[in-house]
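In what follows, a structure is listed as structure tokens, so that the remarks can point back to it.
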Amino acid sequence: MPTAPERMNIVITGHVDHGKSTLVGRLLADTHSLPEGKLDAVREMCKKNGRVFEYAFLLDALDDEQKQGITIDSARIFFKSARREYIIIDAPGHIEFLRNMLSGASRAEAAVLVIDAVEGVAENSRRHGLLLSLLGISQVVVVVNKLDAMRYDEAVFTRIKDEYAAYLAELKITPAAFVPASAREGKNLSAPAPDEMPWYRGKTVLEILDGFQNRAANDAEFFALPVQDIYRFSNDGDNRRIFAGTIVGGKITTGEAITFLPSGKTSRVKSVEVWNAPEKKSVGAGEAVGLTLSEEIYVKRGEVMIKANESAPVAVAQKIRANVIWLGAAPLTFQKKFLLKLGAAKVEARLDGIERLLGENSNSPAELRRHDCGAVVLSLSRPLALTAFADNQTLGRFVIVDNYDAVGGGIVQEVVIDQSARESFDSFAGVNQGGFEEELFALLKKYFPHRF
Amino acid sequence: MTKLDQLEAQSIFIIREAYKSFKNLGMLWSIGKDSTVLLWLAKKSFFGHVPFELIHVDTGYKIPAMIAYRDQLARDLKIRLVVGQNKQALAEKRTFADGLDRLACCKELKTVALKNTLDGTGARRIYDPHRGAWEEVERGEPFNAVIVGVRSDEEGSRSKERVFSARDQKSEWDAGAQPPELWNLYKTEFAPGTHVRVHPLLDWTELNIWEYIEREKIPTIDIYYNQGDGKRYRSLGCYPCTTPVESDARNPQEIIAELISGKFRNIAERSGRAQDLDGGGTLEILRKEGYM
Ligand SMILES: Nc1nc2c(ncn2[C@@H]2O[C@H](COP(=O)(O)OP(=O)(O)OP(=O)(O)O)[C@@H](O)[C@H]2O)c(=O)[nH]1
Ligand SMILES: [Mg+2]
């Protein structure tokens, strides 16, 4: 018996206490998605501990979360509708846990943004909207919640809707809809509320989620494969040298000519390797593959394989303009060096300039403080193969690691062509040691040809 | 790509990332369905090879069929298997069967055993597939990272896990202070001495696991299936604390039907596991101390 073949990740965002967890909990309860006895068990626990029952307790599973009535970390909640399977990612709204909200949102294809009708648009309603735009999540539904506490007044809904729609417009986000709702009373989540809100004739939250589109597999786009690893398992007489990685766009077929970037080396695809699966000649976007090559060449993890005869917008860049969210405890300052991870590559990078803060009217600030978003210029210690985020999401985003801590993430806006780049990266000490290994590889190949 | 294709590709990516990032990598393998899927995905990741050791924590109270199946599979698949056990607790009778409470027993036989096996201080029994024989070692190399097949849908604290999840020196987990983890750009840089749990199956549900077992025709231990007495195990554990469920399902297909529209549609998987029932948050407490 087949089940829904589709799956979508949705993140629930918004300011602290605006009712995100309540919305998810109530949706699960109303659609009979909870394990049997779970609702009663939580009610019972509340009674025993003398607490008011909250739907949020169904999700806020950590001991500290329940004690403090707050979501600390994003939870993955599985949910099925008639249309497909969902992972609903219930994010925290408190600014202290913004890193956890981002972790959740970065896994999502679409978002629900919850605004409390009593409090109205709040600081993190705006910040979360900004982050959704930064992450490139364009399918958004805004829920104006807790309307029960405002006598289901249409004027309250309209005021919030107008205010927040104007803000989203600045971010170039057009929400699929604004839905007036009461999460706690279950109004307009999975069932309409004609008695309380006869003035609303739009869809319920669930109907809107079901209307969202899964990201199209970008099979039709240019082929690119960041090399994750190169395997040669010599036991049991296995002589294959396999280039492994996950294809981030397009398709490739055996026999096609390929180029690696940044090195510019070329070869041809000899075979598609599989285990316990029928033989394959062609593989495409999203697949975790292994390829062997006709002409053995030396490349390392981090290079990007493209087709020799296809024009792909993959650039070899040493300077980029990017939008960055900073999460480090210490501010990001000029000339600061850190590790940048993009695709399968890892490179030392440095902040060259901050053009402006995003979501605020401040030009050329001197630093990015924790939770700031900024348009910045970064230079890399060696050239990297990448694209603008608009051309390929995977090759156009990166994380920043400083001293074992993940301290930020970013989206590549464009490559900066800069003649002085070469000089500036020479100021990085001790990089570009690839030459020796390469010579060694050439020698090994020459003297032990059967092993490569 | 279908959802199973996506789940498979994502898990393979994670397993390959773990293999690339850690020198002493192992994979926890409990004989159960999730571990079995994990092993299958490892073989797919490395084209038939399993380039690390599998680790089994043997409480001494596992359902006997599990141990027989484990040893058989290690032989058949030529797997290097490391078995750890808290022998001292067993010898001193600090177990549930000897009167200890469940939580304390789990801690002794699982958490402590796991910790000592991973950090190399505990004795290990190792199956060497080339010689086809078992050997005992008093101490071993510590594993800096282990791949673990926990799923988000099993329990609340697991729903909040990171894919690459650090444990401190005492192998404890600070659930409230996890680092950001953006997209699939996992942070694989860790301070020396950090122990890392890698979780490739967080996005899989119990149903997805069975759908994949069915699609790939993955061999699984037969106590998952009703063999005529109207009972089967839904989740495998220690026999004093795990009871079979009443079910007629005789194969993966029938289990899938049971999970989608049958009697287990709305019944939590671990409901047959007694240690989850002694008050809320029990598993979270165990996990903070180093349990899977
Ligand atoms: N009156 C009213 N109260 C609500 C509604 N939805 C949520 N609440 C209350 O708002 C409070 C916060 O709800 P949560 O669901 O925990 O809020 P949250 O957005 O998940 O909060 P964080 O995750 O901590 O950011 C709880 O006391 C809820 O009972 C609603 O529709 N009406
Ligand atoms: Mg919440």
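Identifiers for the structure tokens are assigned positionally: chains receive A, B, ... in sequence, residues are indexed from 1 per chain, and ligands are indexed from 1 in the order shown.
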Counting only C-alpha atoms and all ligand atoms, what residues are within 6 Å of ligand 1, given as a short mmCIF file (atom, residue, chain, number, x, y, z; two decimals) with all heavy atoms, in the first residue's frame?
data_model
loop_
_atom_site.label_atom_id
_atom_site.label_comp_id
_atom_site.auth_asym_id
_atom_site.auth_seq_id
_atom_site.Cartn_x
_atom_site.Cartn_y
_atom_site.Cartn_z
N HIS A 15 7.43 35.83 17.12
CA HIS A 15 7.93 36.34 18.40
C HIS A 15 7.59 35.40 19.56
O HIS A 15 6.65 34.61 19.48
CB HIS A 15 7.30 37.72 18.65
CG HIS A 15 7.98 38.51 19.72
ND1 HIS A 15 9.20 39.11 19.52
CD2 HIS A 15 7.61 38.79 20.99
CE1 HIS A 15 9.55 39.74 20.64
NE2 HIS A 15 8.61 39.55 21.55
N VAL A 16 8.35 35.52 20.62
CA VAL A 16 8.17 34.65 21.79
C VAL A 16 6.74 34.78 22.33
O VAL A 16 6.17 35.88 22.36
CB VAL A 16 9.22 34.99 22.88
CG1 VAL A 16 9.04 36.40 23.43
CG2 VAL A 16 9.19 33.97 24.00
N ASP A 17 6.16 33.65 22.68
CA ASP A 17 4.83 33.59 23.30
C ASP A 17 3.68 33.95 22.37
O ASP A 17 2.55 34.12 22.83
CB ASP A 17 4.74 34.53 24.53
CG ASP A 17 5.13 33.81 25.80
OD1 ASP A 17 5.29 32.57 25.75
OD2 ASP A 17 5.28 34.49 26.83
N HIS A 18 3.93 34.07 21.09
CA HIS A 18 2.83 34.43 20.20
C HIS A 18 1.96 33.24 19.83
O HIS A 18 0.96 33.39 19.15
CB HIS A 18 3.35 35.17 18.96
CG HIS A 18 3.65 36.62 19.23
ND1 HIS A 18 3.78 37.57 18.26
CD2 HIS A 18 3.84 37.28 20.41
CE1 HIS A 18 4.04 38.76 18.81
NE2 HIS A 18 4.08 38.59 20.12
N GLY A 19 2.37 32.02 20.30
CA GLY A 19 1.48 30.87 20.15
C GLY A 19 1.88 29.85 19.10
O GLY A 19 1.05 29.09 18.61
N LYS A 20 3.18 29.79 18.79
CA LYS A 20 3.65 28.85 17.76
C LYS A 20 3.45 27.39 18.18
O LYS A 20 2.89 26.59 17.44
CB LYS A 20 5.15 29.09 17.48
CG LYS A 20 5.45 30.48 16.96
CD LYS A 20 6.94 30.71 16.78
CE LYS A 20 7.70 30.83 18.09
NZ LYS A 20 7.28 31.95 18.94
N SER A 21 3.92 27.06 19.38
CA SER A 21 3.81 25.67 19.83
C SER A 21 2.35 25.29 20.04
O SER A 21 1.93 24.17 19.76
CB SER A 21 4.60 25.46 21.12
OG SER A 21 5.95 25.80 20.92
N THR A 22 1.57 26.25 20.54
CA THR A 22 0.14 26.00 20.73
C THR A 22 -0.51 25.68 19.39
O THR A 22 -1.32 24.75 19.28
CB THR A 22 -0.53 27.25 21.36
OG1 THR A 22 0.17 27.57 22.57
CG2 THR A 22 -1.99 26.99 21.65
N GLU A 54 -1.46 23.27 28.65
CA GLU A 54 -1.06 24.01 27.46
C GLU A 54 -0.84 23.01 26.32
O GLU A 54 -0.16 22.00 26.50
CB GLU A 54 0.29 24.74 27.69
CG GLU A 54 0.24 25.88 28.67
CD GLU A 54 -0.29 27.17 28.05
OE1 GLU A 54 -0.61 27.18 26.85
OE2 GLU A 54 -0.39 28.16 28.81
N ALA A 56 1.08 23.55 24.08
CA ALA A 56 2.52 23.65 23.81
C ALA A 56 3.31 22.54 24.49
O ALA A 56 4.38 22.15 24.02
CB ALA A 56 3.04 25.01 24.24
N ILE A 70 8.50 27.76 27.80
CA ILE A 70 9.10 28.43 26.65
C ILE A 70 9.73 27.36 25.77
O ILE A 70 10.14 26.31 26.25
CB ILE A 70 10.17 29.44 27.14
CG1 ILE A 70 10.60 30.37 26.01
CG2 ILE A 70 11.39 28.73 27.72
CD1 ILE A 70 11.45 31.53 26.50
N THR A 71 9.77 27.62 24.46
CA THR A 71 10.48 26.71 23.58
C THR A 71 11.94 27.13 23.53
O THR A 71 12.23 28.31 23.32
CB THR A 71 9.88 26.73 22.16
OG1 THR A 71 8.48 26.44 22.25
CG2 THR A 71 10.55 25.70 21.26
N PRO A 92 11.79 28.23 18.31
CA PRO A 92 11.62 29.12 19.46
C PRO A 92 11.56 30.57 19.02
O PRO A 92 12.19 30.95 18.03
CB PRO A 92 12.87 28.86 20.31
CG PRO A 92 13.90 28.39 19.33
CD PRO A 92 13.18 27.75 18.18
N GLY A 93 10.82 31.40 19.79
CA GLY A 93 10.70 32.81 19.42
C GLY A 93 11.60 33.73 20.22
O GLY A 93 11.83 34.87 19.85
N HIS A 94 12.13 33.21 21.33
CA HIS A 94 12.95 34.07 22.17
C HIS A 94 14.29 34.36 21.48
O HIS A 94 14.91 33.46 20.93
CB HIS A 94 13.21 33.40 23.52
CG HIS A 94 13.71 34.36 24.56
ND1 HIS A 94 15.00 34.84 24.54
CD2 HIS A 94 13.10 34.94 25.62
CE1 HIS A 94 15.16 35.67 25.56
NE2 HIS A 94 14.02 35.75 26.23
N ASN A 145 -2.80 35.45 15.43
CA ASN A 145 -3.28 34.50 16.43
C ASN A 145 -3.90 35.21 17.63
O ASN A 145 -3.76 36.41 17.79
CB ASN A 145 -2.07 33.65 16.87
CG ASN A 145 -2.47 32.52 17.80
OD1 ASN A 145 -3.57 31.99 17.70
ND2 ASN A 145 -1.58 32.17 18.71
N LYS A 146 -4.53 34.42 18.47
CA LYS A 146 -5.13 34.89 19.74
C LYS A 146 -6.26 35.89 19.50
O LYS A 146 -6.51 36.77 20.33
CB LYS A 146 -4.08 35.53 20.66
CG LYS A 146 -2.89 34.63 20.99
CD LYS A 146 -2.11 35.10 22.20
CE LYS A 146 -0.78 34.35 22.32
NZ LYS A 146 0.03 34.75 23.47
N ASP A 148 -9.22 35.31 19.70
CA ASP A 148 -10.24 35.10 20.74
C ASP A 148 -10.11 36.15 21.84
O ASP A 148 -11.10 36.63 22.39
CB ASP A 148 -10.11 33.69 21.35
CG ASP A 148 -8.73 33.44 21.93
OD1 ASP A 148 -7.74 33.45 21.16
OD2 ASP A 148 -8.62 33.23 23.14
N ALA A 149 -8.88 36.54 22.13
CA ALA A 149 -8.65 37.53 23.18
C ALA A 149 -9.01 38.95 22.72
O ALA A 149 -8.99 39.88 23.52
CB ALA A 149 -7.19 37.47 23.64
N SER A 182 -7.35 31.52 16.10
CA SER A 182 -7.08 31.31 17.51
C SER A 182 -6.51 29.91 17.62
O SER A 182 -7.21 28.92 17.39
CB SER A 182 -8.36 31.42 18.34
OG SER A 182 -8.10 30.88 19.63
N ALA A 183 -5.23 29.85 17.93
CA ALA A 183 -4.58 28.54 17.99
C ALA A 183 -5.16 27.75 19.15
O ALA A 183 -5.49 26.57 19.02
CB ALA A 183 -3.08 28.71 18.16
N ARG A 184 -5.30 28.40 20.30
CA ARG A 184 -5.74 27.66 21.48
C ARG A 184 -7.16 27.13 21.31
O ARG A 184 -7.49 26.03 21.75
CB ARG A 184 -5.67 28.57 22.71
CG ARG A 184 -5.56 27.77 23.98
CD ARG A 184 -5.22 28.63 25.15
NE ARG A 184 -6.30 29.58 25.44
CZ ARG A 184 -6.18 30.56 26.34
NH1 ARG A 184 -5.04 30.70 27.01
NH2 ARG A 184 -7.18 31.37 26.57
N GLU A 185 -8.02 27.90 20.64
CA GLU A 185 -9.41 27.45 20.45
C GLU A 185 -9.58 26.68 19.15
O GLU A 185 -10.68 26.25 18.82
CB GLU A 185 -10.36 28.66 20.47
CG GLU A 185 -10.21 29.59 21.67
CD GLU A 185 -10.38 28.86 23.01
OE1 GLU A 185 -11.23 27.94 23.07
OE2 GLU A 185 -9.65 29.19 23.97
#
What's around range 365-381 of chain A at 8 Å? Count only C-alpha atoms, leave out sequence neighbours fewer than 6 positions away in its own chain, and write the answer as an MDAnalysis selection string.
chainID A and resid 98 318:334 347:359 421 425:426 428 431
I'd like the neighbourhood of Gln228 in chain A as a list in words, where a residue qualifies if any of its atoms comes within 9 Å (using only C-alpha atoms), though same-chain residues fewer than 5 positions away should be ignored.
Phe243, Ala244, Gly245, Thr246, Lys300, Arg301, Gly302, Glu303, Gly343, Ala344 and Ala345 of chain A; Phe13, Arg16, Glu17 and Lys20 of chain B
Return as a Markdown table the residues of chain B lying at most 7 Å from chain A, together with the closest atom-to-atom pair for each and the distance in Å to one decimal, counting only C-alpha atoms, with rows in chain order and ascending residue number.
| residue | atom | partner | partner_atom | distance |
| --- | --- | --- | --- | --- |
| B:Thr2 | CA | A:Pro5 | CA | 5.4 |
| B:Lys3 | CA | A:Glu6 | CA | 5.4 |
| B:Ala9 | CA | A:Ala288 | CA | 5.0 |
| B:Ile12 | CA | A:Ala288 | CA | 6.6 |
| B:Phe13 | CA | A:Ala288 | CA | 6.5 |
| B:Lys44 | CA | A:Trp275 | CA | 5.5 |
| B:Phe47 | CA | A:Trp275 | CA | 5.0 |
| B:Gly48 | CA | A:Trp275 | CA | 5.8 |
| B:Ser152 | CA | A:Arg76 | CA | 6.4 |
| B:Asp153 | CA | A:Phe78 | CA | 6.9 |
| B:Gly156 | CA | A:Ala61 | CA | 4.8 |
| B:Ser157 | CA | A:Leu62 | CA | 6.0 |
| B:Ser159 | CA | A:Ala75 | CA | 5.1 |
| B:Lys160 | CA | A:Ala75 | CA | 4.7 |
| B:Gly176 | CA | A:Ile72 | CA | 6.4 |
| B:Pro179 | CA | A:Ala406 | CA | 6.7 |
| B:Pro180 | CA | A:Arg99 | CA | 5.0 |
| B:Glu181 | CA | A:Ser103 | CA | 5.0 |
| B:Leu182 | CA | A:Ser103 | CA | 5.0 |
| B:Trp183 | CA | A:Ser106 | CA | 5.2 |
| B:Leu185 | CA | A:Val399 | CA | 6.7 |
| B:Lys187 | CA | A:Ala406 | CA | 6.7 |
| B:Glu189 | CA | A:Tyr404 | CA | 5.4 |
| B:Phe190 | CA | A:Tyr404 | CA | 5.3 |
| B:Ala191 | CA | A:Tyr404 | CA | 6.2 |
| B:Ala257 | CA | A:Met1 | CA | 6.7 |
| B:Asn266 | CA | A:Pro35 | CA | 4.4 |
| B:Ile267 | CA | A:Pro35 | CA | 5.0 |
| B:Ala268 | CA | A:Pro35 | CA | 5.5 |
| B:Gly281 | CA | A:Asp63 | CA | 6.7 |
Name the closest residue to ligand 2 among the candidates A:Asp30, A:Gly69, A:Phe223, A:Ile88; distances are taken between atoms, counting only C-alpha atoms and all ligand atoms.
A:Gly69
Fewer than 5 positions away in the same chain doesn't count, so skip those; otherwise give me all residues within 6 Å of range 123-125 of chain B, counting only C-alpha atoms, as a ChimeraX atom specification.
/B:82-84,135-139
Output the selection as a compact mmCIF listing (two decimals), in the first residue's frame - C-alpha atoms for each residue.
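Saved file result_35.txt follows:
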# COMPACT_ATOMS: atom_id res chain seq x y z
CA VAL B 82 32.88 -4.63 18.89
CA VAL B 83 30.78 -5.79 21.84
CA GLY B 84 30.86 -3.90 25.12
CA GLU B 135 38.88 -11.98 20.78
CA GLU B 136 38.88 -10.15 24.10
CA VAL B 137 40.73 -6.90 24.68
CA GLU B 138 41.06 -5.19 28.05
CA ARG B 139 41.32 -1.67 26.67
